[in-house]
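Take a look at the structure set out below.
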Amino acid sequence: MSEIIPIGPYHPLQEEPEFFRLHVEGEHVTKLDIEIGYNHRGIEKLAESKSWDQVVFLVERICGICSTSHPAASVCAMEDLGGIEAPERAQYIRTIVAELERIHSHLLWLGLAGHFIGYNTVWMWAWKYRESVCDILDKMTGNRQSYAMFKVGGVRRDVLDEDIPWFKKELDGLKPVLDMFKGAVIDDPVIHARTKGVGVLTKQQAIDYCVVGPTARPSGVPIDVRKDDPYFAYDWVDWDIVVLEEGDVFAKAVCRVLEMYESVKIIEQCFDKMTPGVIDLHVKELPPGEGIGRAEAPRGEVYHYCRSDGSNFPARYKVRAPSYVNIFSNEVACVGEKVADAALVLAAVDPCYCCTERLIVVDHDKNEERVLKANDLLRLSHERTKEVRKELGV
Amino acid sequence: MSERRMTWKEIQKKIHEKYDDKILKWFEHNENRIYVDIDPSDWIEFGRFLFNEFPTRFIIASAVDTPRGGIDILYHFDFLNLPQVFSVRVFVKKPELEIESMAPYIKGTEWIEREMNELFGIQFKNHPNMKHLILPDDWPEGNYPLRRDQ
């Protein structure tokens, strides 16, 4: 019996509404159609009518979770266009903001993944401890999200020296939390059973689909813009890139947990190495030409390309978000999985949970249609966890 | 992970050796941002050479409508662990706006070619799955949001 199961696209829970049509043979997924564009806002077109300064604000609105990675790529592109090098202190501050964002974004994903598997404690804890990261960002930038810190040639606000001990204390408080999550993910037999060997993206597939970030690295593709094409202060601090080989959902989760440790390491070094100095070059205009900027967002490489005709507005502004390539890889990662696992695989690239909002099962043989809601998908997943628990006797 | 990676110099040399006569222009904005111009008829061969010969990653393609009677398509590549971004520029002329699709050879180009088709009206020949990506299916035909001449 062949069925088609559409998932999505309404009521975005996280970001980016998508629509998935699962072709199902019995319990297993045989094919996946993906449709995007439900929330297309025409930002590239809009950018052509904004001044260079405003573009940085505009692209900050692309994503609400990793709101600083687009401005990061944006200032990199504009500085590449103008041959500008931001002051050292500004680069350290930029790095700190970008890494704090990575931690809170990964914690958010971890929480949602926990919720989906049926581990609501993980969900509550991850989001509780995410608050302390948001507090640091709040004190440093004035905002919990959409920090508006970056501008061409520097940053808008300085980090006050008297605040740094408090930032460090909060970061220290995060370390035992990360240990706890590491233990929760790596040692839990149920999480192993639910995620190991599920949704495998092989190295070759990762290369073919040109995936990036924590979708590529767990599949054995060692790419990270922070290392490959260092921007900001990433070249001046000591840290490691996390690469795993398995390519399954488990590897993706472990990759994210281990990356948070590296982020803490980077932030601490930035605080230690930062010296007093100017934070802004007050760039007035950009020359005609082309600029390319890349930044490693929590979900992978963000890529911005801009072309200037010498006026105050970009002639063309192109944005490539990491999910654009990562979501496409679900086309292969999902095939062969159970329906109860498919939604978890779709979420493992960290796109959004809106895709689990609505689900229609079309039974061709009986010519009938049943509609399942987000809760039904959650129920399916929770039941699967219960089954696994029973099998394991825990 | 012990495989030895090629250096940028080696890659550069190999590209020059094989395709020097087909590269219309080689421009280095700075040491990490390289732009080369290629004739549309050489693009598929050159693109496949880039993707298969080196450890290369296709990043994305940017289309830019120009006042020169056509559209610039920049296919951006990087070489995995190197800082260089290698942008291959092909100029497709109006009004045909036709170019061979890269999607049969590099899977990762499938979506962006669909996007360029609907936003710019570029026709990709032999594309395996040409339908709307981000615009709704009932979008008026022949209406391309990012074109400057409309």
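Naming works like this for the structure tokens: A, B, ... for the chains as they're shown, residue 1 at the start of each chain, ligands 1 onward in shown order.
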
What are the residues of chain B lining chain A at 6 Å or less? Count only C-alpha atoms, and put the answer as a PyMOL selection string.
chain B and resi 57+81-83+107-108+134

Keeping only C-alpha atoms, write the selected residues as a PDB file, in the first residue's frame.
ATOM      1  CA  ARG B  57      32.092  22.622  -2.777  1.00  0.00           C
ATOM      2  CA  ASN B  81      39.695  23.852   3.543  1.00  0.00           C
ATOM      3  CA  LEU B  82      41.044  26.813   1.626  1.00  0.00           C
ATOM      4  CA  PRO B  83      39.992  30.435   2.158  1.00  0.00           C
ATOM      5  CA  LYS B 107      23.034  18.006  -7.278  1.00  0.00           C
ATOM      6  CA  GLY B 108      23.462  21.075  -5.094  1.00  0.00           C
ATOM      7  CA  ILE B 134       9.819  29.973  -3.845  1.00  0.00           C
TER       8      ILE B 134
END

Taking the chain letters and numbering used in this document, name the residues of range 143-264 of chain A that DSSP puts in alpha helix (DSSP H), as an mmCIF file with N, CA and C atoms, in the first residue's frame.
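See selection_7.cif below for the written result:
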data_model
loop_
_atom_site.group_PDB
_atom_site.id
_atom_site.type_symbol
_atom_site.label_atom_id
_atom_site.label_comp_id
_atom_site.auth_asym_id
_atom_site.auth_seq_id
_atom_site.Cartn_x
_atom_site.Cartn_y
_atom_site.Cartn_z
ATOM 1 N N ILE A 164 32.876 42.443 32.485
ATOM 2 C CA ILE A 164 33.508 41.189 32.045
ATOM 3 C C ILE A 164 33.543 40.103 33.140
ATOM 4 N N PRO A 165 33.875 40.455 34.418
ATOM 5 C CA PRO A 165 33.862 39.388 35.441
ATOM 6 C C PRO A 165 32.503 38.692 35.546
ATOM 7 N N TRP A 166 31.428 39.475 35.398
ATOM 8 C CA TRP A 166 30.094 38.867 35.488
ATOM 9 C C TRP A 166 29.837 37.942 34.289
ATOM 10 N N PHE A 167 30.266 38.396 33.097
ATOM 11 C CA PHE A 167 30.110 37.544 31.914
ATOM 12 C C PHE A 167 30.842 36.220 32.123
ATOM 13 N N LYS A 168 32.057 36.319 32.659
ATOM 14 C CA LYS A 168 32.868 35.109 32.848
ATOM 15 C C LYS A 168 32.226 34.181 33.867
ATOM 16 N N LYS A 169 31.651 34.775 34.905
ATOM 17 C CA LYS A 169 31.000 33.959 35.932
ATOM 18 C C LYS A 169 29.811 33.194 35.325
ATOM 19 N N GLU A 170 29.034 33.892 34.534
ATOM 20 C CA GLU A 170 27.892 33.249 33.883
ATOM 21 C C GLU A 170 28.349 32.117 32.957
ATOM 22 N N LEU A 171 29.459 32.369 32.247
ATOM 23 C CA LEU A 171 29.993 31.334 31.344
ATOM 24 C C LEU A 171 30.462 30.119 32.126
ATOM 25 N N ASP A 172 31.113 30.384 33.277
ATOM 26 C CA ASP A 172 31.548 29.271 34.132
ATOM 27 C C ASP A 172 30.354 28.437 34.567
ATOM 28 N N GLY A 173 29.256 29.126 34.847
ATOM 29 C CA GLY A 173 28.042 28.426 35.259
ATOM 30 C C GLY A 173 27.493 27.534 34.152
ATOM 31 N N LEU A 174 27.845 27.834 32.933
ATOM 32 C CA LEU A 174 27.338 27.048 31.804
ATOM 33 C C LEU A 174 28.048 25.701 31.667
ATOM 34 N N LYS A 175 29.310 25.664 32.138
ATOM 35 C CA LYS A 175 30.104 24.446 31.894
ATOM 36 C C LYS A 175 29.490 23.177 32.498
ATOM 37 N N PRO A 176 29.102 23.211 33.798
ATOM 38 C CA PRO A 176 28.455 21.989 34.319
ATOM 39 C C PRO A 176 27.168 21.644 33.569
ATOM 40 N N VAL A 177 26.486 22.675 33.069
ATOM 41 C CA VAL A 177 25.252 22.434 32.314
ATOM 42 C C VAL A 177 25.568 21.668 31.031
ATOM 43 N N LEU A 178 26.648 22.096 30.363
ATOM 44 C CA LEU A 178 27.037 21.410 29.129
ATOM 45 C C LEU A 178 27.433 19.970 29.424
ATOM 46 N N ASP A 179 28.140 19.771 30.559
ATOM 47 C CA ASP A 179 28.503 18.398 30.953
ATOM 48 C C ASP A 179 27.254 17.550 31.123
ATOM 49 N N MET A 180 26.248 18.175 31.741
ATOM 50 C CA MET A 180 25.004 17.436 31.987
ATOM 51 C C MET A 180 24.345 17.042 30.659
ATOM 52 N N PHE A 181 24.299 17.985 29.719
ATOM 53 C CA PHE A 181 23.669 17.678 28.435
ATOM 54 C C PHE A 181 24.484 16.651 27.652
ATOM 55 N N LYS A 182 25.800 16.774 27.776
ATOM 56 C CA LYS A 182 26.657 15.804 27.089
ATOM 57 C C LYS A 182 26.328 14.401 27.605
ATOM 58 N N GLY A 183 26.218 14.305 28.931
ATOM 59 C CA GLY A 183 25.876 13.017 29.540
ATOM 60 C C GLY A 183 24.508 12.553 29.083
ATOM 61 N N ALA A 184 23.555 13.496 29.078
ATOM 62 C CA ALA A 184 22.167 13.143 28.713
ATOM 63 C C ALA A 184 22.097 12.612 27.289
ATOM 64 N N VAL A 185 22.889 13.187 26.384
ATOM 65 C CA VAL A 185 22.813 12.759 24.988
ATOM 66 C C VAL A 185 23.658 11.508 24.745
ATOM 67 N N ILE A 186 24.884 11.529 25.276
ATOM 68 C CA ILE A 186 25.825 10.465 24.912
ATOM 69 C C ILE A 186 25.566 9.158 25.669
ATOM 70 N N PRO A 189 20.517 5.320 26.753
ATOM 71 C CA PRO A 189 20.270 4.225 25.803
ATOM 72 C C PRO A 189 19.059 4.483 24.896
ATOM 73 N N VAL A 190 18.064 5.199 25.423
ATOM 74 C CA VAL A 190 16.866 5.443 24.607
ATOM 75 C C VAL A 190 17.199 6.409 23.468
ATOM 76 N N ILE A 191 17.959 7.459 23.784
ATOM 77 C CA ILE A 191 18.355 8.394 22.726
ATOM 78 C C ILE A 191 19.212 7.673 21.693
ATOM 79 N N HIS A 192 20.079 6.785 22.155
ATOM 80 C CA HIS A 192 20.872 5.968 21.217
ATOM 81 C C HIS A 192 19.945 5.216 20.276
ATOM 82 N N ALA A 193 18.964 4.530 20.873
ATOM 83 C CA ALA A 193 18.089 3.677 20.074
ATOM 84 C C ALA A 193 17.246 4.488 19.099
ATOM 85 N N ARG A 194 16.848 5.697 19.516
ATOM 86 C CA ARG A 194 16.013 6.515 18.646
ATOM 87 C C ARG A 194 16.806 7.223 17.542
ATOM 88 N N THR A 195 18.079 7.501 17.793
ATOM 89 C CA THR A 195 18.797 8.375 16.852
ATOM 90 C C THR A 195 19.976 7.718 16.140
ATOM 91 N N LYS A 203 28.943 10.599 3.553
ATOM 92 C CA LYS A 203 29.882 11.646 3.187
ATOM 93 C C LYS A 203 29.681 12.070 1.729
ATOM 94 N N GLN A 204 29.505 11.077 0.862
ATOM 95 C CA GLN A 204 29.334 11.394 -0.553
ATOM 96 C C GLN A 204 28.065 12.210 -0.788
ATOM 97 N N GLN A 205 26.983 11.818 -0.094
ATOM 98 C CA GLN A 205 25.738 12.582 -0.234
ATOM 99 C C GLN A 205 25.929 14.005 0.265
ATOM 100 N N ALA A 206 26.662 14.141 1.377
ATOM 101 C CA ALA A 206 26.910 15.473 1.931
ATOM 102 C C ALA A 206 27.663 16.333 0.930
ATOM 103 N N ILE A 207 28.593 15.726 0.203
ATOM 104 C CA ILE A 207 29.358 16.468 -0.801
ATOM 105 C C ILE A 207 28.476 16.801 -1.998
ATOM 106 N N ASP A 208 27.687 15.827 -2.457
ATOM 107 C CA ASP A 208 26.820 16.049 -3.616
ATOM 108 C C ASP A 208 25.789 17.144 -3.360
ATOM 109 N N VAL A 225 33.732 27.576 8.147
ATOM 110 C CA VAL A 225 34.265 28.837 7.622
ATOM 111 C C VAL A 225 35.190 29.497 8.641
ATOM 112 N N ARG A 226 34.893 29.299 9.917
ATOM 113 C CA ARG A 226 35.728 29.932 10.950
ATOM 114 C C ARG A 226 37.174 29.470 10.847
ATOM 115 N N LYS A 227 37.382 28.222 10.393
ATOM 116 C CA LYS A 227 38.735 27.705 10.223
ATOM 117 C C LYS A 227 39.244 27.909 8.800
ATOM 118 N N ASP A 228 38.362 27.651 7.817
ATOM 119 C CA ASP A 228 38.792 27.640 6.424
ATOM 120 C C ASP A 228 39.074 29.035 5.882
ATOM 121 N N VAL A 249 21.369 11.066 13.045
ATOM 122 C CA VAL A 249 20.830 12.110 13.917
ATOM 123 C C VAL A 249 21.647 12.208 15.210
ATOM 124 N N PHE A 250 22.109 11.060 15.702
ATOM 125 C CA PHE A 250 22.907 11.049 16.922
ATOM 126 C C PHE A 250 24.182 11.871 16.732
ATOM 127 N N ALA A 251 24.859 11.641 15.608
ATOM 128 C CA ALA A 251 26.106 12.373 15.346
ATOM 129 C C ALA A 251 25.837 13.873 15.249
ATOM 130 N N LYS A 252 24.686 14.218 14.677
ATOM 131 C CA LYS A 252 24.361 15.644 14.551
ATOM 132 C C LYS A 252 24.138 16.264 15.935
ATOM 133 N N ALA A 253 23.486 15.502 16.814
ATOM 134 C CA ALA A 253 23.255 16.010 18.172
ATOM 135 C C ALA A 253 24.581 16.143 18.924
ATOM 136 N N VAL A 254 25.419 15.106 18.834
ATOM 137 C CA VAL A 254 26.712 15.125 19.544
ATOM 138 C C VAL A 254 27.564 16.288 19.020
ATOM 139 N N CYS A 255 27.548 16.472 17.704
ATOM 140 C CA CYS A 255 28.322 17.562 17.097
ATOM 141 C C CYS A 255 27.920 18.894 17.707
ATOM 142 N N ARG A 256 26.622 19.107 17.860
ATOM 143 C CA ARG A 256 26.164 20.399 18.392
ATOM 144 C C ARG A 256 26.567 20.558 19.853
ATOM 145 N N VAL A 257 26.447 19.466 20.627
ATOM 146 C CA VAL A 257 26.809 19.560 22.045
ATOM 147 C C VAL A 257 28.301 19.883 22.182
ATOM 148 N N LEU A 258 29.135 19.192 21.416
ATOM 149 C CA LEU A 258 30.579 19.422 21.524
ATOM 150 C C LEU A 258 30.962 20.813 21.023
ATOM 151 N N GLU A 259 30.221 21.308 20.058
ATOM 152 C CA GLU A 259 30.522 22.651 19.536
ATOM 153 C C GLU A 259 30.300 23.729 20.583
ATOM 154 N N MET A 260 29.354 23.479 21.489
ATOM 155 C CA MET A 260 29.094 24.486 22.527
ATOM 156 C C MET A 260 30.313 24.640 23.438
ATOM 157 N N TYR A 261 31.022 23.519 23.693
ATOM 158 C CA TYR A 261 32.250 23.599 24.500
ATOM 159 C C TYR A 261 33.274 24.485 23.802
ATOM 160 N N GLU A 262 33.408 24.287 22.488
ATOM 161 C CA GLU A 262 34.377 25.082 21.725
ATOM 162 C C GLU A 262 34.005 26.561 21.774
ATOM 163 N N SER A 263 32.693 26.817 21.708
ATOM 164 C CA SER A 263 32.249 28.210 21.749
ATOM 165 C C SER A 263 32.635 28.865 23.068
ATOM 166 N N VAL A 264 32.421 28.129 24.175
ATOM 167 C CA VAL A 264 32.793 28.677 25.485
ATOM 168 C C VAL A 264 34.294 28.974 25.502
#

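For the pair CA of Asn117 in chain B and CA of His132 in chain B, the interatomic distance is 8.2 Å.
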
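From CA of Arg156 in chain A back to CA of Ile84 in chain A, the distance works out to 16.4 Å.
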
Given only C-alpha atoms, how would the per-residue table for range 38-133 of chain B near range 9-15 of chain B read, listing every residue at most 9 Å away with its closest atom pair and distance in Å to one decimal, sorted by chain and number, as a tab-separated table?
residue	atom	partner	partner_atom	distance
B:Phe49	CA	B:Ile15	CA	8.9
B:Leu50	CA	B:Ile15	CA	8.2
B:Phe54	CA	B:Ile11	CA	7.6

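When the distance limit is 8 Å and only C-alpha atoms are what count, the residues near Val122 in chain A, minus those fewer than 4 positions from it on the same chain, are Leu110, Gly111, Gly114, His115, Ala126 and Phe181 of chain A.
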
Could those residues be written to a file, using N, CA and C atoms, as a PDB file, in the first residue's frame?
ATOM      1  N   LEU A 110      18.535  21.590  20.916  1.00  0.00           N
ATOM      2  CA  LEU A 110      18.606  20.426  21.793  1.00  0.00           C
ATOM      3  C   LEU A 110      17.299  20.261  22.570  1.00  0.00           C
ATOM      4  N   GLY A 111      16.782  21.381  23.046  1.00  0.00           N
ATOM      5  CA  GLY A 111      15.520  21.361  23.782  1.00  0.00           C
ATOM      6  C   GLY A 111      14.389  20.839  22.923  1.00  0.00           C
ATOM      7  N   GLY A 114      14.727  17.175  22.254  1.00  0.00           N
ATOM      8  CA  GLY A 114      14.313  16.443  23.458  1.00  0.00           C
ATOM      9  C   GLY A 114      12.802  16.358  23.552  1.00  0.00           C
ATOM     10  N   HIS A 115      12.151  17.488  23.324  1.00  0.00           N
ATOM     11  CA  HIS A 115      10.694  17.540  23.380  1.00  0.00           C
ATOM     12  C   HIS A 115      10.093  16.571  22.368  1.00  0.00           C
ATOM     13  N   ALA A 126      17.135  22.705  28.836  1.00  0.00           N
ATOM     14  CA  ALA A 126      17.897  23.378  27.777  1.00  0.00           C
ATOM     15  C   ALA A 126      17.434  24.823  27.638  1.00  0.00           C
ATOM     16  N   PHE A 181      24.299  17.985  29.719  1.00  0.00           N
ATOM     17  CA  PHE A 181      23.669  17.678  28.435  1.00  0.00           C
ATOM     18  C   PHE A 181      24.484  16.651  27.652  1.00  0.00           C
TER      19      PHE A 181
END

Of the candidates A:Ala148, A:Val349, A:Ile93, A:Met274, which shows the shortest atom-to-atom distance to Ser67 in chain A, using only C-alpha atoms?
A:Ala148

So which residues touch Leu100 in chain A within 12 Å, counting only C-alpha atoms, skipping near sequence neighbours fewer than 2 positions away, as an mmCIF file with N, CA and C atoms, in the first residue's frame?
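The resulting result.cif:
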data_model
loop_
_atom_site.group_PDB
_atom_site.id
_atom_site.type_symbol
_atom_site.label_atom_id
_atom_site.label_comp_id
_atom_site.auth_asym_id
_atom_site.auth_seq_id
_atom_site.Cartn_x
_atom_site.Cartn_y
_atom_site.Cartn_z
ATOM 1 N N ILE A 65 16.492 33.294 15.184
ATOM 2 C CA ILE A 65 17.289 32.494 16.104
ATOM 3 C C ILE A 65 18.756 32.856 15.965
ATOM 4 N N CYS A 66 19.262 32.768 14.729
ATOM 5 C CA CYS A 66 20.670 33.135 14.548
ATOM 6 C C CYS A 66 20.708 34.518 13.929
ATOM 7 N N SER A 67 20.204 35.487 14.669
ATOM 8 C CA SER A 67 20.007 36.820 14.093
ATOM 9 C C SER A 67 21.317 37.550 13.845
ATOM 10 N N THR A 68 22.424 37.073 14.393
ATOM 11 C CA THR A 68 23.660 37.812 14.175
ATOM 12 C C THR A 68 24.513 37.236 13.052
ATOM 13 N N SER A 69 24.171 36.033 12.578
ATOM 14 C CA SER A 69 25.030 35.443 11.550
ATOM 15 C C SER A 69 24.857 36.121 10.202
ATOM 16 N N ILE A 93 34.826 41.561 19.881
ATOM 17 C CA ILE A 93 33.434 41.707 20.340
ATOM 18 C C ILE A 93 32.485 40.967 19.392
ATOM 19 N N ARG A 94 32.748 41.091 18.102
ATOM 20 C CA ARG A 94 31.910 40.385 17.117
ATOM 21 C C ARG A 94 31.962 38.880 17.358
ATOM 22 N N THR A 95 33.172 38.378 17.610
ATOM 23 C CA THR A 95 33.327 36.933 17.822
ATOM 24 C C THR A 95 32.548 36.482 19.050
ATOM 25 N N ILE A 96 32.624 37.282 20.130
ATOM 26 C CA ILE A 96 31.923 36.908 21.360
ATOM 27 C C ILE A 96 30.414 36.828 21.100
ATOM 28 N N VAL A 97 29.878 37.840 20.435
ATOM 29 C CA VAL A 97 28.436 37.851 20.166
ATOM 30 C C VAL A 97 28.049 36.639 19.304
ATOM 31 N N ALA A 98 28.854 36.365 18.262
ATOM 32 C CA ALA A 98 28.529 35.264 17.353
ATOM 33 C C ALA A 98 28.576 33.921 18.081
ATOM 34 N N ARG A 102 25.685 31.057 19.001
ATOM 35 C CA ARG A 102 25.776 29.642 18.648
ATOM 36 C C ARG A 102 25.330 28.782 19.830
ATOM 37 N N ILE A 103 25.778 29.171 21.047
ATOM 38 C CA ILE A 103 25.403 28.365 22.220
ATOM 39 C C ILE A 103 23.888 28.385 22.411
ATOM 40 N N HIS A 104 23.305 29.574 22.350
ATOM 41 C CA HIS A 104 21.862 29.606 22.642
ATOM 42 C C HIS A 104 21.063 28.919 21.533
ATOM 43 N N SER A 105 21.564 29.007 20.298
ATOM 44 C CA SER A 105 20.854 28.355 19.203
ATOM 45 C C SER A 105 20.922 26.831 19.331
ATOM 46 N N HIS A 106 22.100 26.321 19.676
ATOM 47 C CA HIS A 106 22.246 24.873 19.840
ATOM 48 C C HIS A 106 21.412 24.371 21.025
ATOM 49 N N LEU A 107 21.364 25.176 22.106
ATOM 50 C CA LEU A 107 20.552 24.772 23.264
ATOM 51 C C LEU A 107 19.075 24.719 22.869
ATOM 52 N N ARG A 130 19.439 28.264 28.547
ATOM 53 C CA ARG A 130 19.601 29.177 27.412
ATOM 54 C C ARG A 130 19.367 30.617 27.874
ATOM 55 N N GLU A 131 18.509 30.745 28.898
ATOM 56 C CA GLU A 131 18.222 32.084 29.414
ATOM 57 C C GLU A 131 19.486 32.808 29.876
ATOM 58 N N SER A 132 20.399 32.061 30.522
ATOM 59 C CA SER A 132 21.596 32.737 31.034
ATOM 60 C C SER A 132 22.437 33.272 29.877
ATOM 61 N N VAL A 133 22.429 32.564 28.726
ATOM 62 C CA VAL A 133 23.154 33.059 27.556
ATOM 63 C C VAL A 133 22.475 34.328 27.033
ATOM 64 N N CYS A 134 21.152 34.283 27.016
ATOM 65 C CA CYS A 134 20.418 35.471 26.554
ATOM 66 C C CYS A 134 20.657 36.651 27.494
ATOM 67 N N ASP A 135 20.810 36.356 28.803
ATOM 68 C CA ASP A 135 21.094 37.425 29.763
ATOM 69 C C ASP A 135 22.431 38.097 29.459
ATOM 70 N N ILE A 136 23.443 37.267 29.142
ATOM 71 C CA ILE A 136 24.753 37.837 28.810
ATOM 72 C C ILE A 136 24.611 38.750 27.594
ATOM 73 N N LEU A 137 23.916 38.241 26.578
ATOM 74 C CA LEU A 137 23.732 39.030 25.358
ATOM 75 C C LEU A 137 22.956 40.314 25.646
ATOM 76 N N ASP A 138 21.980 40.198 26.527
ATOM 77 C CA ASP A 138 21.172 41.351 26.901
ATOM 78 C C ASP A 138 22.048 42.437 27.525
ATOM 79 N N MET A 140 25.252 42.748 27.285
ATOM 80 C CA MET A 140 26.338 43.188 26.403
ATOM 81 C C MET A 140 25.822 44.084 25.277
ATOM 82 N N THR A 141 24.668 43.718 24.715
ATOM 83 C CA THR A 141 24.217 44.409 23.505
ATOM 84 C C THR A 141 22.949 45.226 23.720
ATOM 85 N N ARG A 144 18.091 40.749 23.842
ATOM 86 C CA ARG A 144 18.214 39.290 23.963
ATOM 87 C C ARG A 144 18.368 38.650 22.591
ATOM 88 N N GLN A 145 17.751 39.249 21.610
ATOM 89 C CA GLN A 145 17.811 38.772 20.233
ATOM 90 C C GLN A 145 17.936 39.983 19.329
ATOM 91 N N TYR A 147 20.584 41.757 17.924
ATOM 92 C CA TYR A 147 21.415 42.613 18.780
ATOM 93 C C TYR A 147 21.795 43.942 18.144
ATOM 94 N N PHE A 167 30.266 38.396 33.097
ATOM 95 C CA PHE A 167 30.110 37.544 31.914
ATOM 96 C C PHE A 167 30.842 36.220 32.123
ATOM 97 N N GLU A 170 29.034 33.892 34.534
ATOM 98 C CA GLU A 170 27.892 33.249 33.883
ATOM 99 C C GLU A 170 28.349 32.117 32.957
ATOM 100 N N LEU A 171 29.459 32.369 32.247
ATOM 101 C CA LEU A 171 29.993 31.334 31.344
ATOM 102 C C LEU A 171 30.462 30.119 32.126
ATOM 103 N N LEU A 174 27.845 27.834 32.933
ATOM 104 C CA LEU A 174 27.338 27.048 31.804
ATOM 105 C C LEU A 174 28.048 25.701 31.667
ATOM 106 N N GLU A 259 30.221 21.308 20.058
ATOM 107 C CA GLU A 259 30.522 22.651 19.536
ATOM 108 C C GLU A 259 30.300 23.729 20.583
ATOM 109 N N MET A 260 29.354 23.479 21.489
ATOM 110 C CA MET A 260 29.094 24.486 22.527
ATOM 111 C C MET A 260 30.313 24.640 23.438
ATOM 112 N N TYR A 261 31.022 23.519 23.693
ATOM 113 C CA TYR A 261 32.250 23.599 24.500
ATOM 114 C C TYR A 261 33.274 24.485 23.802
ATOM 115 N N GLU A 262 33.408 24.287 22.488
ATOM 116 C CA GLU A 262 34.377 25.082 21.725
ATOM 117 C C GLU A 262 34.005 26.561 21.774
ATOM 118 N N SER A 263 32.693 26.817 21.708
ATOM 119 C CA SER A 263 32.249 28.210 21.749
ATOM 120 C C SER A 263 32.635 28.865 23.068
ATOM 121 N N VAL A 264 32.421 28.129 24.175
ATOM 122 C CA VAL A 264 32.793 28.677 25.485
ATOM 123 C C VAL A 264 34.294 28.974 25.502
ATOM 124 N N LYS A 265 35.084 28.037 24.960
ATOM 125 C CA LYS A 265 36.528 28.218 24.890
ATOM 126 C C LYS A 265 36.892 29.498 24.122
ATOM 127 N N ILE A 266 36.224 29.688 22.996
ATOM 128 C CA ILE A 266 36.513 30.857 22.158
ATOM 129 C C ILE A 266 36.173 32.149 22.905
ATOM 130 N N ILE A 267 34.999 32.172 23.537
ATOM 131 C CA ILE A 267 34.553 33.400 24.208
ATOM 132 C C ILE A 267 35.514 33.764 25.337
ATOM 133 N N GLU A 268 35.905 32.757 26.118
ATOM 134 C CA GLU A 268 36.822 33.034 27.240
ATOM 135 C C GLU A 268 38.122 33.640 26.747
ATOM 136 N N CYS A 270 38.583 35.280 24.007
ATOM 137 C CA CYS A 270 38.346 36.632 23.493
ATOM 138 C C CYS A 270 38.345 37.647 24.630
ATOM 139 N N ALA A 297 27.270 30.292 10.725
ATOM 140 C CA ALA A 297 26.125 30.426 11.622
ATOM 141 C C ALA A 297 25.983 29.121 12.403
ATOM 142 N N PRO A 298 25.132 29.086 13.439
ATOM 143 C CA PRO A 298 24.926 27.813 14.146
ATOM 144 C C PRO A 298 24.529 26.666 13.220
#

For a quick check of understanding, using only C-alpha atoms, which of A:Asp33, A:Glu48, A:Asp53, A:Asp188 has the smallest distance to Phe150 in chain A?
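Among the listed residues, the smallest separation from Phe150 in chain A belongs to A:Asp53.
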
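Atom pair CA of Glu17 in chain B / CA of Asn52 in chain B has a distance of 16.1 Å (rounded to one decimal).
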
With only C-alpha atoms as the atoms that count, which of A:Arg384, A:Glu296, A:Val278, A:Ala47 lies nearest to Arg157 in chain A?
A:Val278

Identify, on the basis of only C-alpha atoms, every residue whose closest approach to Pro55 in chain B does not exceed 8 Å; exclude the query and any residue fewer than 2 positions from it along the same chain; express the result as a PDB file with C-alpha atoms, in the first residue's frame.
ATOM      1  CA  ARG B   5      44.774  18.669   0.320  1.00  0.00           C
ATOM      2  CA  PHE B  51      33.752  19.919  -9.083  1.00  0.00           C
ATOM      3  CA  ASN B  52      35.347  16.581  -9.922  1.00  0.00           C
ATOM      4  CA  GLU B  53      39.028  17.441 -10.163  1.00  0.00           C
ATOM      5  CA  ARG B  57      32.092  22.622  -2.777  1.00  0.00           C
ATOM      6  CA  PHE B  79      37.944  24.339  -2.115  1.00  0.00           C
ATOM      7  CA  LEU B  80      36.845  22.904   1.251  1.00  0.00           C
TER       8      LEU B  80
END

Counting only C-alpha atoms, the residue among B:Arg148, B:Met130, B:Asp39, B:Thr56 that lies closest to Met6 in chain B is B:Thr56
